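Q: Could you have a look at this structure, given as structure tokens, before my questions?
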Amino acid sequence: MTGFQTFSDFVGLKGFLKTLSKDSTIGLVPTMGALHFGHISLIKRALKENDIVVVTLFVNPKQFNNTSDLSNYPRVPEEDIKLLDSFKRLCVCIPQEGDVYPENDPYQEVQLGLLDQVLEGEFRPGHFAGVAHVVHNLIRIIEPAKAYFGLKDAQQLAVINLMVNATRLPVDIIACETIRNSDGLALSSRNALLSKENIIDASVIYETLAFVKDNIRKIGAVEIKKKAIARFKNSNLKIEYIGLVNRDSFQPFTDGGEGGICCLAAYCNGVRLIDNVLF
Ligand code: PAF
């Protein structure tokens, strides 16, 4: 049984992984750090399903379309390590940009189509190209059997599935439930930037999503969207977008269809929060 290990580059990490028995399975949990219980739940699931789990902490500059968002992103590697150091069979790797994006970078850009144009794609140009690139390189370097991602970032998950299929990476992408606080707020590293009052204000997100889920089949997509927007007008949050789409294709949802998802992004005191509900 291996204990907890940390590595500051992939050479050390790969050297260690090579010492494991050949049939050991590796689970990968890519993160940008500032870990919370949402990440812990991904890690616990990965530990159940694999012999060894690698957690990467890397704030990926390529996925930030806004420089102040990148510089404000919380970075607390010592706290992250403290949160994880009691786990066994766990490796944490904190690579440098040059490790993730080497000079002879193997990534051949995948066209993301509609996923890059609607909802998050519309408001964060280049974001998903950066996510696809970093996740590709991490999977190619670490060679996990399975990689774990939260459903809170449902569109990101769709992008990653598309990239993995297009590049034929031999990995299973595992989608994990969104973890919420007792008021329904989805756990996110950005929540660390919210005050107690902001967190109370942000409850409009979950309440609105629950309202959409309960009522979409009764009043239809057009009406429900109007009502959802009205809820935000009466709140302290500023809605950026709210959209109802098919959860696989991200084409607009049509009434009577199956497999819908309602996704939204809203600013709470300048902090951008996203969430979604399946219906
Ligand atoms: O969801 C995240 O934290 C990031 O987008 C990811 C998947 C770690 C890629 O940088």
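Going by the structure tokens order, chains are called A, B, ..., each with residues numbered from 1, while ligands are numbered from 1 in the order shown.
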Report as CSV: every residue of chain A with an atom at most 7 Å from ligand 1, its closest pair of atoms, and their distance in Å to one decimal, counting only C-alpha atoms and all ligand atoms, with rows sorted by chain and ascending residue number.

A:
```
residue,atom,partner,partner_atom_place_in_ligand_line,distance
A:Pro30,CA,ligand 1,8 (C),4.4
A:Thr31,CA,ligand 1,8 (C),3.6
A:Met32,CA,ligand 1,3 (O),4.8
A:Phe58,CA,ligand 1,10 (O),6.7
A:Val59,CA,ligand 1,10 (O),6.4
A:Asn60,CA,ligand 1,10 (O),5.2
A:Val131,CA,ligand 1,9 (C),5.1
A:Val134,CA,ligand 1,10 (O),6.1
A:Val135,CA,ligand 1,9 (C),5.8
A:Phe149,CA,ligand 1,7 (C),6.8
A:Asp153,CA,ligand 1,1 (O),6.7
```

Q: With only C-alpha atoms as the counted atoms, please give the residues lying no more than 12 Å from Arg272 in chain A, apart from itself and same-chain residues fewer than 3 positions off, as a VMD selection string.

A: chain A and resid 66 69 72 to 73 120 123 to 124 188 to 194 198 202 205 237 to 241 264 to 269 275

Q: Please give the complete set of residues from range 158-217 of chain A that DSSP, run on the backbone, assigns to strand (DSSP E or B), formatted as a PyMOL selection string.

A: chain A and resi 172-176+180+186

Q: Counting only C-alpha atoms, figure out which residue out of A:Gly220, A:Gly184, A:Pro144, A:Pro106 gets nearest to Val54 in chain A.

A: A:Pro144

Q: Quick one, how far is CA of Cys262 in chain A from CA of Val29 in chain A?

A: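 Straight-line distance from CA of Cys262 in chain A to CA of Val29 in chain A works out to 25.4 Å.
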
Q: Work out how far CA of Glu49 in chain A is from CA of Val171 in chain A, in Å to one decimal.

A: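 Result for CA of Val171 in chain A versus CA of Glu49 in chain A: 13.4 Å, one decimal.
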
Q: Take CA of Gly243 in chain A and CA of Gln156 in chain A and report the distance between them in Å, one decimal.

A: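 Taking CA of Gly243 in chain A and CA of Gln156 in chain A, their separation equals 15.2 Å.
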
Q: List every residue of range 199-257 of chain A that has an atom at most 9 Å from any atom of range 112-117 of chain A, and for each one report the closest atom pair and its distance in Å to one decimal, counting only C-alpha atoms, with rows sorted by chain and then by increasing residue number, as a Markdown table.

A:
```
| residue | atom | partner | partner_atom | distance |
| --- | --- | --- | --- | --- |
| A:Ser249 | CA | A:Leu115 | CA | 8.0 |
| A:Phe250 | CA | A:Leu115 | CA | 6.7 |
| A:Gln251 | CA | A:Leu114 | CA | 7.8 |
```

Q: Take the residues that were just selected and, keeping N, CA and C atoms, output them as a PDB file, in the first residue's frame.

A:
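What landed in out_7.pdb:
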```pdb
ATOM      1  N   SER A 249     -26.207  17.343 -26.951  1.00  0.00           N
ATOM      2  CA  SER A 249     -25.822  18.112 -28.148  1.00  0.00           C
ATOM      3  C   SER A 249     -25.631  19.593 -27.858  1.00  0.00           C
ATOM      4  N   PHE A 250     -26.246  20.082 -26.779  1.00  0.00           N
ATOM      5  CA  PHE A 250     -26.283  21.511 -26.456  1.00  0.00           C
ATOM      6  C   PHE A 250     -27.039  22.336 -27.513  1.00  0.00           C
ATOM      7  N   GLN A 251     -27.855  21.642 -28.322  1.00  0.00           N
ATOM      8  CA  GLN A 251     -28.812  22.324 -29.199  1.00  0.00           C
ATOM      9  C   GLN A 251     -29.954  22.829 -28.322  1.00  0.00           C
TER      10      GLN A 251
END
```

Q: Mind the document's chain letters and residue numbers, and return as a ChimeraX atom specification the residues of range 162-234 of chain A that DSSP labels helix (DSSP H, G or I).

A: /A:162-167,189-193,196-201,203-233

Q: Could you turn the residues from that selection into a file that holds N, CA and C atoms, as a compact mmCIF listing (two decimals), in the first residue's frame?

A:
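Written out: out-v8.txt:
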```
# COMPACT_ATOMS: atom_id res chain seq x y z
N LEU A 162 -15.96 15.09 -26.12
CA LEU A 162 -15.72 15.31 -27.55
C LEU A 162 -14.23 15.22 -27.87
N MET A 163 -13.41 15.88 -27.04
CA MET A 163 -11.95 15.88 -27.28
C MET A 163 -11.37 14.46 -27.17
N VAL A 164 -11.84 13.71 -26.16
CA VAL A 164 -11.32 12.35 -25.95
C VAL A 164 -11.70 11.45 -27.13
N ASN A 165 -12.94 11.59 -27.62
CA ASN A 165 -13.35 10.79 -28.78
C ASN A 165 -12.56 11.17 -30.01
N ALA A 166 -12.38 12.48 -30.21
CA ALA A 166 -11.70 12.95 -31.43
C ALA A 166 -10.23 12.55 -31.43
N THR A 167 -9.60 12.54 -30.25
CA THR A 167 -8.15 12.25 -30.20
C THR A 167 -7.89 10.78 -29.86
N SER A 189 -14.42 26.44 -6.22
CA SER A 189 -13.27 27.15 -5.65
C SER A 189 -13.55 28.64 -5.55
N ARG A 190 -14.39 29.16 -6.44
CA ARG A 190 -14.70 30.59 -6.43
C ARG A 190 -15.53 30.99 -5.21
N ASN A 191 -16.21 30.03 -4.56
CA ASN A 191 -17.03 30.38 -3.38
C ASN A 191 -16.16 30.98 -2.28
N ALA A 192 -14.84 30.67 -2.32
CA ALA A 192 -13.92 31.23 -1.31
C ALA A 192 -13.88 32.75 -1.42
N LEU A 193 -14.31 33.29 -2.55
CA LEU A 193 -14.27 34.75 -2.75
C LEU A 193 -15.57 35.42 -2.29
N LYS A 196 -20.33 35.92 3.67
CA LYS A 196 -21.52 35.18 4.17
C LYS A 196 -22.80 35.72 3.52
N GLU A 197 -22.88 37.06 3.40
CA GLU A 197 -24.07 37.69 2.78
C GLU A 197 -24.18 37.27 1.31
N ASN A 198 -23.03 37.26 0.63
CA ASN A 198 -23.04 36.85 -0.79
C ASN A 198 -23.60 35.43 -0.93
N ILE A 199 -23.19 34.56 0.02
CA ILE A 199 -23.62 33.16 -0.07
C ILE A 199 -25.14 33.06 0.10
N ILE A 200 -25.68 33.90 0.98
CA ILE A 200 -27.15 33.91 1.15
C ILE A 200 -27.79 34.42 -0.15
N ASP A 201 -27.23 35.52 -0.69
CA ASP A 201 -27.77 36.07 -1.95
C ASP A 201 -27.75 35.02 -3.07
N SER A 203 -28.29 32.03 -3.07
CA SER A 203 -29.28 30.93 -3.02
C SER A 203 -30.32 31.05 -4.14
N VAL A 204 -30.42 32.24 -4.75
CA VAL A 204 -31.35 32.40 -5.88
C VAL A 204 -30.98 31.43 -7.01
N ILE A 205 -29.72 31.05 -7.11
CA ILE A 205 -29.31 30.16 -8.21
C ILE A 205 -29.99 28.80 -8.07
N TYR A 206 -29.82 28.19 -6.90
CA TYR A 206 -30.38 26.85 -6.71
C TYR A 206 -31.91 26.89 -6.73
N GLU A 207 -32.46 27.95 -6.08
CA GLU A 207 -33.93 28.05 -6.06
C GLU A 207 -34.49 28.16 -7.48
N THR A 208 -33.81 28.93 -8.31
CA THR A 208 -34.28 29.10 -9.69
C THR A 208 -34.16 27.79 -10.47
N LEU A 209 -33.03 27.09 -10.29
CA LEU A 209 -32.85 25.83 -11.02
C LEU A 209 -33.88 24.79 -10.58
N ALA A 210 -34.17 24.77 -9.26
CA ALA A 210 -35.18 23.82 -8.77
C ALA A 210 -36.54 24.18 -9.35
N PHE A 211 -36.82 25.50 -9.44
CA PHE A 211 -38.09 25.96 -10.02
C PHE A 211 -38.20 25.53 -11.49
N VAL A 212 -37.09 25.66 -12.22
CA VAL A 212 -37.10 25.26 -13.64
C VAL A 212 -37.40 23.77 -13.75
N LYS A 213 -36.67 22.97 -12.96
CA LYS A 213 -36.85 21.51 -13.02
C LYS A 213 -38.31 21.11 -12.73
N ASP A 214 -38.90 21.77 -11.71
CA ASP A 214 -40.26 21.40 -11.29
C ASP A 214 -41.33 21.86 -12.28
N ASN A 215 -41.04 22.92 -13.06
CA ASN A 215 -42.12 23.55 -13.84
C ASN A 215 -41.96 23.52 -15.35
N ILE A 216 -40.78 23.15 -15.84
CA ILE A 216 -40.54 23.21 -17.29
C ILE A 216 -41.57 22.41 -18.08
N ARG A 217 -41.91 21.23 -17.57
CA ARG A 217 -42.85 20.39 -18.35
C ARG A 217 -44.26 20.96 -18.32
N LYS A 218 -44.55 21.80 -17.30
CA LYS A 218 -45.91 22.37 -17.21
C LYS A 218 -46.05 23.61 -18.09
N ILE A 219 -45.01 24.49 -18.08
CA ILE A 219 -45.22 25.77 -18.76
C ILE A 219 -44.33 25.98 -19.99
N GLY A 220 -43.44 25.07 -20.26
CA GLY A 220 -42.64 25.15 -21.49
C GLY A 220 -41.39 26.02 -21.35
N ALA A 221 -40.48 25.84 -22.31
CA ALA A 221 -39.14 26.43 -22.24
C ALA A 221 -39.16 27.97 -22.31
N VAL A 222 -40.01 28.53 -23.17
CA VAL A 222 -39.98 29.99 -23.35
C VAL A 222 -40.45 30.69 -22.07
N GLU A 223 -41.59 30.23 -21.54
CA GLU A 223 -42.16 30.85 -20.33
C GLU A 223 -41.24 30.67 -19.13
N ILE A 224 -40.68 29.46 -19.01
CA ILE A 224 -39.86 29.18 -17.82
C ILE A 224 -38.61 30.07 -17.82
N LYS A 225 -38.07 30.31 -19.00
CA LYS A 225 -36.87 31.14 -19.08
C LYS A 225 -37.20 32.57 -18.64
N LYS A 226 -38.35 33.09 -19.08
CA LYS A 226 -38.77 34.45 -18.68
C LYS A 226 -38.89 34.52 -17.16
N LYS A 227 -39.52 33.49 -16.58
CA LYS A 227 -39.74 33.50 -15.13
C LYS A 227 -38.41 33.37 -14.37
N ALA A 228 -37.51 32.59 -14.93
CA ALA A 228 -36.20 32.41 -14.27
C ALA A 228 -35.44 33.74 -14.28
N ILE A 229 -35.48 34.44 -15.42
CA ILE A 229 -34.77 35.73 -15.52
C ILE A 229 -35.37 36.72 -14.51
N ALA A 230 -36.71 36.69 -14.39
CA ALA A 230 -37.39 37.61 -13.46
C ALA A 230 -36.92 37.37 -12.03
N ARG A 231 -36.69 36.12 -11.67
CA ARG A 231 -36.21 35.82 -10.30
C ARG A 231 -34.87 36.51 -10.05
N PHE A 232 -34.00 36.52 -11.06
CA PHE A 232 -32.69 37.17 -10.87
C PHE A 232 -32.82 38.68 -10.81
N LYS A 233 -33.82 39.24 -11.56
CA LYS A 233 -34.02 40.71 -11.51
C LYS A 233 -34.37 41.13 -10.10
```

Q: Between A:Asp9, A:Asp51, A:Glu79, A:Ile160, which one has atoms that come closest to Gly98 in chain A, using only C-alpha atoms?

A: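 The shortest atom-to-atom distance to Gly98 in chain A comes from A:Asp9.
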
Q: For Lys62 in chain A, which residue out of A:His133, A:Phe16, A:Ile139, A:Arg89 is the nearest one, using only C-alpha atoms?

A: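 That would be A:His133, the residue with the smallest distance to Lys62 in chain A.
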
Q: Could you check which of A:Gln155, A:Val11, A:Thr19, A:Thr178 is closest to Val118 in chain A, using only C-alpha atoms?

A: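 The shortest atom-to-atom distance to Val118 in chain A comes from A:Gln155.
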
Q: I'd like to know which of A:Asp183, A:Glu258, A:Glu122, A:Asp172 is closest to Gly27 in chain A, using only C-alpha atoms.

A: A:Asp172

Q: For Cys176 in chain A, please output as number ranges by chain all residues within 9 Å (counting only C-alpha atoms; exclusion window: fewer than 2 positions along the same chain).

A: A: 41-42, 45, 148-152, 174, 178-179
